[in-house]
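Chemist: Here's a structure for you.
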Amino acid sequence: MSIIVNEAAGTFHLRGKRISYLMTVLKNGQLGQLYFGKRIHHREDFSYLLEYAARPMASCVFEEDKAFSMEHLKQEYAVYGTSDYRSPAAEVLQENGSRVSQFCFRGYRIMKGKPKLEGLPAVYTESLEEAETLIVELEDQVTGLRLELYYTIFEEEGILTRSARFINQGGKPLHLTRAMSLCLDLPDSEYDWIQFSGSWARERYPRARRLEEGIQSVGSMRGHSSHEHNPFVILKRPDAHEFQGEAIGFSLVYSGNFLAQAEVDTRGTVRMLLGIHPDWFDWKLEPGESFQTPEAVIVYTDRGLNALSQSFHRLYQRRLARGYWRDRPRPVLINNWEATYMDFTEEKILRIAEKARELGVELFVLDDGWFGGRNTEHAGLGDWVPNRNKLPGGIRGLSEKIEGLGMKFGLWFEPEMVNRDSDLYREHPDWILRTPDRPSCHGRFQYVLDFSRKEVVDHVYRMMEKILSDARISYIKWDMNRSITECYSAALPPDRQGEVFHRYILGVYDLYERLTSRFPEVLFESCASGGGRFDPGMLYYAPQAWTSDDTDAVERLKIQYGSSYCYPVSSMGSHVSAVPNHQLGRTTPLYTRANVAFFGTFGYELDLGRLSPKEQEEIKAQTAFMKKYRELLQFGTFYRLSSPFERNEAAWMTVSRDRRTAIVGWYRILNRVNASFSRLKLAGLDPDLEYEINGRRFYGDELMYLGLVTSDGSAGEMPEGPGGSCDFDSRLYLLKA
Ligand code: GLA
């Protein structure tokens, strides 16, 4: 049993095989945090962990106790205004204008497994034994607002999930102006903070710095999780690295505005907060109504960052992603976007598809430009009806022809958007998010549909459902290409406008839920101008996401390396594209483009017919290789070995579950003349097994402890080029026990 309760002491010990999480009811009824970290023994009395001190200038709760101040206590879900001055987890605006509240312990429930979160993506269990859930019930007596804190502990891994649910059991309406998913007070601040930041075409670069007194945070106010900052941060001990040391990962299963924050007080404690961004958030709760926060996932490890990432990978691959494609290797696809942009005819498409089929590609994806009046960015979004000038037989006709070639067919949508020049906008100009009497900003000439309104979501569902049931569609790319501005819904009263950002995302989730249940075998790939909504919320509905619009292999090394801290290889959409690269103008070898894209879902985004016969032969070998090894590449245990952010030579590898097969990707960014010899220490192998690499044999311990010699230039049977004599060189090493 994972959850041990000492009712007399009011103490809860969540204890899995790897972690312990301890909390207790404080003497004022609020919940205090005692410990989170590596598993420890249980004892009846943990009261020694409650540290008090009478400090000058402290505001105290009880006249008779100068030591009891919330400011100096570690708490579970803090509020501001009753002697704690740090950023709170929750804030409740009441009818009388007060924002003071106090949530006191009322009771608890324990259940096996994990409950679903209504309308929200969340991690799940498949058997009741995998996890156990504690629900602590608290109440603010004055308002009658009830608060339930959900904690699910996974038995085998160092994983804990958290969320909060508010229920207005009082007689008056209330406004929740802050409702974080997680608040965690840690006793010391000896950590490096790592965030994953960037911008369009360079998403999720790890950025590390020492935690300092004061507040450090990342977040998004763009209406989506964003290219700029990912809803994922790590706190790691300064001496921790990829293969050793303590680290805690904090991930939010949410796709909208978020805040991840660490506040270090001047006595060296840290308060972590993670949840919906409180700016512009204001959720009205009428009596009887409730509000469920998104879920936060925390992973603890004392075995380094690779182990931390691997826990996230396993969890998000097997207990967040769902459905038919969850455990299945993904089809090798070709997408026409960089080959044609919107300028195509059916004939052109079929020619590209035919060549791709000949070279081993399995799925053809038709990107933007197939619908309404969509010939430029200015028109057509919102009109999900095929453009018969380009496609005389419609989507059904084209999909049948593609299937006739022996390939599957996939289609691009951008369901949340509309151009002014569209029938949808002409019919329903009030269906976009916009503030009354003020001009609306556009992004790429498009406007955001008000997905907080059910009739809007219903309409988009009907249009998409029609196309999907009419044609032979096996894959959907769901794009979202602008951030929200002038966030206001014509359908909500003034005192509910603070709900629009969150209601919008709930509408997106609702549409995803309806489409994925109606078409359970369709593979969904999410996208937001590349990786602008690459988050766990999306992974619940779409098991893969277009990682970035940047398809340059060297840039992708960094983007996929950074993304791998939280997200599994099976979630990263990755394509081989043309050179010179369309984003950067860089020319990289074809084998390097593939060697990077193999560590992802793998596909092509160029007109293969324009390649030389020799290159086409190379593509054939690549698709054959991917089909043979995709299970291992996409679902193996992934290790980062050498960072492209730090070194000229980057490397990563994946190992099969039985540790008998592995593939190492090695990449050298710039060539060097008269270079040093180099060895790459591998990981995750069986030290006592002998592995064959290109006809030579090495023990696992040699490969892991003294390293694989990478300076010899030989790579054997793998699909690749000359090696050893150019910039942007790379090699794959296949290891077989
Ligand atoms: C976004 C996507 C691209 C492509 C275009 C189409 O930028 O990220 O892959 O689909 O939209 O307009």
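Following the order of the structure tokens, first chain is A, next is B, and so on, with residues numbered from 1 inside each chain and ligands from 1 in the order they appear.
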Using the chain letters and numbers from this document, which residues of region 359-455 of chain A does DSSP assign to helix (DSSP H, G or I), as a ChimeraX atom specification?
Modeler: /A:394-404,423-427,429-431,454-455
Chemist: Could you give me the residues within 10 Å of ligand 1, counting only C-alpha atoms and all ligand atoms, as an MDAnalysis selection string?
Modeler: chainID A and resid 200:201 335:338 341:342 366:369 376:377 412:414 444 477:482 526:532 545:551 605
Chemist: With only C-alpha atoms as the counted atoms, please give the residues lying no more than 9 Å from Ile135 (chain A), apart from itself and same-chain residues fewer than 6 positions off, as an MDAnalysis selection string.
Modeler: chainID A and resid 107:111 148:152
Chemist: For region 457-461 of chain A, find every residue with an atom within 12 Å (counting only C-alpha atoms), except residues of its own chain fewer than 5 positions away, and show them as JSON, numbers by chain.
Modeler: {"A": [381, 382, 383, 384, 385, 413, 414, 415, 416, 417, 418, 424, 428, 431, 432, 449, 450, 451, 452, 466, 467, 468, 469, 503, 504, 505, 506, 507, 508, 509, 510, 511, 512, 513, 514, 515, 516, 518]}
Chemist: Could you state the separation of CA of Arg533 (chain A) and CA of Tyr316 (chain A) in Å, given to one decimal place?
Modeler: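 Distance reported for this atom pair: 15.6 Å.
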Chemist: Do you know which residues are at most 12 Å from Thr133 (chain A) counting only C-alpha atoms, after dropping those on the same chain fewer than 3 positions away, and could you put them as a PyMOL selection string?
Modeler: chain A and resi 1-4+12-16+108-116+124-125+128-130+136+148-155+160-163
Chemist: Generate a file of the selected residues that holds N, CA and C atoms, formatted as an mmCIF file, in the first residue's frame.
Modeler:
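Saved result, again-v5.cif, follows:
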```cif
data_model
loop_
_atom_site.group_PDB
_atom_site.id
_atom_site.type_symbol
_atom_site.label_atom_id
_atom_site.label_comp_id
_atom_site.auth_asym_id
_atom_site.auth_seq_id
_atom_site.Cartn_x
_atom_site.Cartn_y
_atom_site.Cartn_z
ATOM 1 N N MET A 1 0.829 -1.203 0.000
ATOM 2 C CA MET A 1 0.000 0.000 0.000
ATOM 3 C C MET A 1 0.864 1.253 0.000
ATOM 4 N N SER A 2 0.508 2.232 -0.823
ATOM 5 C CA SER A 2 1.383 3.393 -0.993
ATOM 6 C C SER A 2 1.043 4.556 -0.074
ATOM 7 N N ILE A 3 -0.196 4.593 0.416
ATOM 8 C CA ILE A 3 -0.568 5.776 1.196
ATOM 9 C C ILE A 3 -0.825 5.371 2.646
ATOM 10 N N ILE A 4 -0.012 5.936 3.528
ATOM 11 C CA ILE A 4 -0.118 5.572 4.943
ATOM 12 C C ILE A 4 -0.632 6.806 5.702
ATOM 13 N N PHE A 12 0.050 12.318 6.494
ATOM 14 C CA PHE A 12 -0.109 11.457 5.318
ATOM 15 C C PHE A 12 1.266 11.168 4.749
ATOM 16 N N HIS A 13 1.536 9.891 4.520
ATOM 17 C CA HIS A 13 2.808 9.488 3.921
ATOM 18 C C HIS A 13 2.494 8.755 2.617
ATOM 19 N N LEU A 14 2.791 9.402 1.497
ATOM 20 C CA LEU A 14 2.634 8.750 0.197
ATOM 21 C C LEU A 14 3.980 8.127 -0.115
ATOM 22 N N ARG A 15 3.985 6.807 -0.244
ATOM 23 C CA ARG A 15 5.263 6.119 -0.296
ATOM 24 C C ARG A 15 5.253 5.090 -1.410
ATOM 25 N N GLY A 16 5.969 5.402 -2.505
ATOM 26 C CA GLY A 16 6.102 4.441 -3.598
ATOM 27 C C GLY A 16 7.443 3.732 -3.472
ATOM 28 N N TYR A 108 -10.502 13.083 4.415
ATOM 29 C CA TYR A 108 -9.735 12.583 3.276
ATOM 30 C C TYR A 108 -10.386 11.321 2.731
ATOM 31 N N ARG A 109 -10.051 10.987 1.503
ATOM 32 C CA ARG A 109 -10.479 9.725 0.909
ATOM 33 C C ARG A 109 -9.266 9.121 0.212
ATOM 34 N N ILE A 110 -9.251 7.815 0.125
ATOM 35 C CA ILE A 110 -8.175 7.146 -0.617
ATOM 36 C C ILE A 110 -8.828 6.223 -1.626
ATOM 37 N N MET A 111 -8.329 6.226 -2.832
ATOM 38 C CA MET A 111 -8.848 5.274 -3.809
ATOM 39 C C MET A 111 -7.710 4.615 -4.585
ATOM 40 N N LYS A 112 -7.941 3.408 -5.006
ATOM 41 C CA LYS A 112 -6.960 2.725 -5.843
ATOM 42 C C LYS A 112 -7.029 3.321 -7.240
ATOM 43 N N GLY A 113 -5.921 3.296 -7.966
ATOM 44 C CA GLY A 113 -5.929 3.856 -9.320
ATOM 45 C C GLY A 113 -5.990 5.371 -9.272
ATOM 46 N N LYS A 114 -6.672 5.919 -10.266
ATOM 47 C CA LYS A 114 -6.647 7.378 -10.419
ATOM 48 C C LYS A 114 -7.938 7.837 -11.079
ATOM 49 N N PRO A 115 -8.634 8.822 -10.507
ATOM 50 C CA PRO A 115 -9.878 9.269 -11.142
ATOM 51 C C PRO A 115 -9.605 10.100 -12.392
ATOM 52 N N LYS A 116 -10.584 10.147 -13.296
ATOM 53 C CA LYS A 116 -10.481 10.994 -14.501
ATOM 54 C C LYS A 116 -10.700 12.449 -14.119
ATOM 55 N N TYR A 124 -3.390 8.521 -16.744
ATOM 56 C CA TYR A 124 -4.367 7.542 -16.276
ATOM 57 C C TYR A 124 -3.667 6.258 -15.847
ATOM 58 N N THR A 125 -4.426 5.357 -15.240
ATOM 59 C CA THR A 125 -3.884 4.044 -14.909
ATOM 60 C C THR A 125 -4.671 3.001 -15.691
ATOM 61 N N LEU A 128 -5.738 -1.020 -11.270
ATOM 62 C CA LEU A 128 -5.856 -0.297 -10.001
ATOM 63 C C LEU A 128 -4.581 -0.371 -9.177
ATOM 64 N N GLU A 129 -3.731 -1.360 -9.489
ATOM 65 C CA GLU A 129 -2.526 -1.558 -8.678
ATOM 66 C C GLU A 129 -1.402 -0.579 -9.022
ATOM 67 N N GLU A 130 -1.513 0.068 -10.187
ATOM 68 C CA GLU A 130 -0.402 0.926 -10.626
ATOM 69 C C GLU A 130 -0.197 2.134 -9.741
ATOM 70 N N VAL A 136 -7.448 14.984 -0.315
ATOM 71 C CA VAL A 136 -7.565 15.676 0.968
ATOM 72 C C VAL A 136 -8.646 16.738 0.830
ATOM 73 N N GLU A 148 -10.594 20.332 -2.794
ATOM 74 C CA GLU A 148 -10.103 18.949 -2.742
ATOM 75 C C GLU A 148 -8.745 18.913 -3.423
ATOM 76 N N LEU A 149 -7.740 18.423 -2.728
ATOM 77 C CA LEU A 149 -6.404 18.275 -3.312
ATOM 78 C C LEU A 149 -6.209 16.814 -3.684
ATOM 79 N N TYR A 150 -5.888 16.584 -4.966
ATOM 80 C CA TYR A 150 -5.709 15.215 -5.471
ATOM 81 C C TYR A 150 -4.226 14.909 -5.579
ATOM 82 N N TYR A 151 -3.833 13.782 -5.010
ATOM 83 C CA TYR A 151 -2.447 13.316 -5.110
ATOM 84 C C TYR A 151 -2.483 11.873 -5.582
ATOM 85 N N THR A 152 -1.875 11.590 -6.720
ATOM 86 C CA THR A 152 -1.770 10.192 -7.138
ATOM 87 C C THR A 152 -0.307 9.810 -7.130
ATOM 88 N N ILE A 153 -0.002 8.728 -6.427
ATOM 89 C CA ILE A 153 1.385 8.253 -6.404
ATOM 90 C C ILE A 153 1.481 6.952 -7.187
ATOM 91 N N PHE A 154 2.462 6.892 -8.077
ATOM 92 C CA PHE A 154 2.693 5.679 -8.860
ATOM 93 C C PHE A 154 3.670 4.798 -8.097
ATOM 94 N N GLU A 155 3.314 3.533 -7.993
ATOM 95 C CA GLU A 155 4.064 2.615 -7.148
ATOM 96 C C GLU A 155 5.512 2.426 -7.628
ATOM 97 N N LEU A 160 4.477 11.593 -9.091
ATOM 98 C CA LEU A 160 3.324 12.033 -8.325
ATOM 99 C C LEU A 160 2.535 13.009 -9.193
ATOM 100 N N THR A 161 1.216 12.851 -9.256
ATOM 101 C CA THR A 161 0.420 13.847 -9.985
ATOM 102 C C THR A 161 -0.443 14.602 -8.985
ATOM 103 N N ARG A 162 -0.700 15.860 -9.326
ATOM 104 C CA ARG A 162 -1.501 16.676 -8.417
ATOM 105 C C ARG A 162 -2.495 17.542 -9.180
ATOM 106 N N SER A 163 -3.634 17.789 -8.557
ATOM 107 C CA SER A 163 -4.555 18.798 -9.081
ATOM 108 C C SER A 163 -5.455 19.230 -7.936
#
```
Chemist: Based on DSSP run over this structure's backbone, return all residues of region 331-410 of chain A in strand (DSSP E), as a list of chain:residue names.
Modeler: A:Leu333, A:Ile334, A:Asn335, A:Leu363, A:Phe364, A:Val365, A:Leu366, A:Lys408, A:Phe409, A:Gly410
Chemist: With only C-alpha atoms as the atoms that count, which of A:Ala379, A:Leu350, A:Ile476, A:Met463 lies nearest to Tyr425 (chain A)?
Modeler: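 Result for the nearest residue to Tyr425 (chain A): A:Ala379.
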Chemist: Can you pull out every residue within 6 Å of Phe364 (chain A), counting only C-alpha atoms, but drop anything in the same chain fewer than 4 positions away, and send it as a ChimeraX atom specification?
Modeler: /A:333-334,409-410
Chemist: Take the residues from that selection and write them out as a compact mmCIF listing (two decimals), in the first residue's frame, keeping N, CA, C and O atoms.
Modeler:
```txt
# COMPACT_ATOMS: atom_id res chain seq x y z
N LEU A 333 5.91 8.92 -43.40
CA LEU A 333 5.00 9.76 -44.18
C LEU A 333 5.74 10.71 -45.10
O LEU A 333 6.94 10.94 -44.96
N ILE A 334 4.98 11.25 -46.04
CA ILE A 334 5.49 12.38 -46.82
C ILE A 334 4.44 13.48 -46.76
O ILE A 334 3.25 13.23 -46.90
N PHE A 409 -3.76 7.92 -46.55
CA PHE A 409 -3.91 9.34 -46.86
C PHE A 409 -4.16 10.14 -45.58
O PHE A 409 -4.94 9.74 -44.71
N GLY A 410 -3.50 11.29 -45.47
CA GLY A 410 -3.69 12.16 -44.31
C GLY A 410 -3.98 13.59 -44.74
O GLY A 410 -3.67 13.99 -45.87
```
Chemist: Given only C-alpha atoms as the basis, pick out the residue of A:Leu182, A:Ala353, A:Leu315, A:Ala8 nearest to Val25 (chain A).
Modeler: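 Under the stated criterion, the closest residue is A:Ala8.
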